[in-house]
Amino acid sequence: MLLAFASLLGCLLTSSHAKVYSRCELAKVLHDFGLEGYRGSTLADWVCLAYFTSGFNTAAVDHEADGSTNNGIFQINSRKWCKNLDPEVPNLCQMYCSDLLNPNLKNTVICAMKITQQPQGLASWEAWRRHCQGKDLSDWVDGCDL
């Protein structure tokens with residue numbers, strides 16, 4: 001009971017600090033974190049991914065049928081990458097899923113970089129494969145003062 005209350009409280013506190021980035025604001029933040037050119041990706045790849053996974057919303061959480069959650073601006077899944085209530089998950093990013101909901105994006109970027117170190121790279125995200133891969137993405141960063 002206490003764990004459920006603490007989890008609910010954590011969600012409420014996190015959502016009160018939610019941020020929905022604008023396209024160029026997000027591009028600047030991701031640029032400052034060094035994602036331009038990271039493992040062959042462009043900044044436009046990352047901005048496109050964020051739009052199609054969360055609509056640039058840092059507090060986005062999607063609940064899957066298997067009980068896992070997709071968390072934050074890049075919708076990082078708790079089945080493998082972050083720690084939720086299930087102690088059996090691998091937690092490859094070594095952080096709590098709630099850390100991925102922080103508007104400053106530091107933990108989110110660290111975890112996303114780990115995910116893209118996998119052989120699939122950005123193709124680890126279905127949204128990127130469907131909406132961004134192989135497309136002209138220049139509009140995603142066009143007009144942004146980087």
# chains A, B, ... in the order shown; residues from 1 in each chain; ligands from 1
>>> select_by_dssp(residues="range 2-145 of chain A", states="strand (DSSP E or B)", output="list in words")
Val20, Asn57, Val61, Asp62, His63, Thr69, Asn70, Asn71, Ile76, Asn77, Lys83 and Tyr96 of chain A
>>> select_by_dssp(residues="range 13-125 of chain A", states="helix (DSSP H, G or I)", output="PyMOL selection string")
chain A and resi 13-15+23-32+38-40+43-54+97-101+106-116+121-124
>>> closest_residue(among="A:Tyr51, A:Trp140, A:Trp128, A:Phe56", to="Leu105 in chain A", atoms="only C-alpha atoms")
A:Phe56
>>> residues_around(residues="Pro103 in chain A", least_positions_apart="2", cutoff="9 Å", atoms="only C-alpha atoms", output="list in words")
His17, Ala18, Lys19, Val20, Tyr21, Asn57, Thr58, Ala59, Gly72, Ile73, Leu100, Leu101, Leu105 and Lys106 of chain A
>>> write_last_selection(atoms="N, CA and C atoms", output="mmCIF file, in the first residue's frame")
data_model
loop_
_atom_site.group_PDB
_atom_site.id
_atom_site.type_symbol
_atom_site.label_atom_id
_atom_site.label_comp_id
_atom_site.auth_asym_id
_atom_site.auth_seq_id
_atom_site.Cartn_x
_atom_site.Cartn_y
_atom_site.Cartn_z
ATOM 1 N N HIS A 17 6.036 19.038 -12.893
ATOM 2 C CA HIS A 17 7.214 19.674 -13.466
ATOM 3 C C HIS A 17 7.364 19.302 -14.938
ATOM 4 N N ALA A 18 6.277 18.876 -15.546
ATOM 5 C CA ALA A 18 6.318 18.457 -16.943
ATOM 6 C C ALA A 18 6.637 19.638 -17.845
ATOM 7 N N LYS A 19 7.235 19.313 -18.965
ATOM 8 C CA LYS A 19 7.542 20.342 -19.951
ATOM 9 C C LYS A 19 7.248 19.775 -21.327
ATOM 10 N N VAL A 20 6.586 20.573 -22.125
ATOM 11 C CA VAL A 20 6.395 20.249 -23.530
ATOM 12 C C VAL A 20 7.262 21.243 -24.292
ATOM 13 N N TYR A 21 8.309 20.727 -24.893
ATOM 14 C CA TYR A 21 9.262 21.565 -25.617
ATOM 15 C C TYR A 21 8.696 22.019 -26.947
ATOM 16 N N ASN A 57 6.748 15.932 -25.173
ATOM 17 C CA ASN A 57 6.297 16.007 -23.779
ATOM 18 C C ASN A 57 7.192 15.162 -22.873
ATOM 19 N N THR A 58 7.881 15.812 -21.941
ATOM 20 C CA THR A 58 8.799 15.092 -21.045
ATOM 21 C C THR A 58 8.073 14.187 -20.066
ATOM 22 N N ALA A 59 6.809 14.448 -19.800
ATOM 23 C CA ALA A 59 6.069 13.656 -18.810
ATOM 24 C C ALA A 59 5.226 12.555 -19.436
ATOM 25 N N GLY A 72 8.781 9.255 -20.852
ATOM 26 C CA GLY A 72 9.475 10.473 -21.217
ATOM 27 C C GLY A 72 9.396 10.841 -22.680
ATOM 28 N N ILE A 73 10.205 11.808 -23.037
ATOM 29 C CA ILE A 73 10.151 12.418 -24.363
ATOM 30 C C ILE A 73 10.499 11.433 -25.482
ATOM 31 N N LEU A 100 13.344 9.532 -16.168
ATOM 32 C CA LEU A 100 13.200 9.835 -17.592
ATOM 33 C C LEU A 100 12.105 10.864 -17.857
ATOM 34 N N LEU A 101 11.428 11.299 -16.806
ATOM 35 C CA LEU A 101 10.347 12.275 -16.949
ATOM 36 C C LEU A 101 10.798 13.685 -16.572
ATOM 37 N N LEU A 105 16.163 16.682 -19.136
ATOM 38 C CA LEU A 105 16.530 15.679 -20.151
ATOM 39 C C LEU A 105 17.887 15.008 -19.971
ATOM 40 N N LYS A 106 18.648 15.348 -18.961
ATOM 41 C CA LYS A 106 19.977 14.744 -18.797
ATOM 42 C C LYS A 106 19.908 13.217 -18.759
#
>>> atom_distance(atom1="CA of Asp139 in chain A", atom2="CA of Tyr38 in chain A")
19.3 Å
>>> closest_atom_pairs(of="range 18-107 of chain A", to="range 143-146 of chain A", cutoff="12 Å", atoms="only C-alpha atoms", output="CSV")
residue,atom,partner,partner_atom,distance
A:Ser22,CA,A:Cys144,CA,10.4
A:Arg23,CA,A:Cys144,CA,8.2
A:Cys24,CA,A:Cys144,CA,5.0
A:Glu25,CA,A:Cys144,CA,8.0
A:Leu26,CA,A:Cys144,CA,9.7
A:Ala27,CA,A:Cys144,CA,7.4
A:Lys28,CA,A:Leu146,CA,5.8
A:Val29,CA,A:Leu146,CA,9.3
A:Leu30,CA,A:Leu146,CA,10.0
A:His31,CA,A:Leu146,CA,7.3
A:Asp32,CA,A:Leu146,CA,8.8
A:Gly34,CA,A:Leu146,CA,11.8
A:Glu36,CA,A:Leu146,CA,10.7
A:Leu43,CA,A:Leu146,CA,10.4
A:Ala44,CA,A:Cys144,CA,10.8
A:Val47,CA,A:Cys144,CA,11.6
>>> atom_distance(atom1="CA of Gln94 in chain A", atom2="CA of Thr116 in chain A")
15.5 Å
>>> closest_residue(among="A:Asp45, A:Asn107, A:Lys80, A:Leu85", to="Gly121 in chain A", atoms="only C-alpha atoms")
A:Asp45
>>> closest_residue(among="A:Val89, A:Glu64, A:Arg39, A:Gln133", to="Gln118 in chain A", atoms="only C-alpha atoms")
A:Arg39
>>> closest_residue(among="A:Gln75, A:Asn104, A:Gln117, A:Ala112", to="Phe52 in chain A", atoms="only C-alpha atoms")
A:Gln75
>>> closest_residue(among="A:Ile115, A:Ile76, A:Cys93, A:Leu35", to="His63 in chain A", atoms="only C-alpha atoms")
A:Ile76
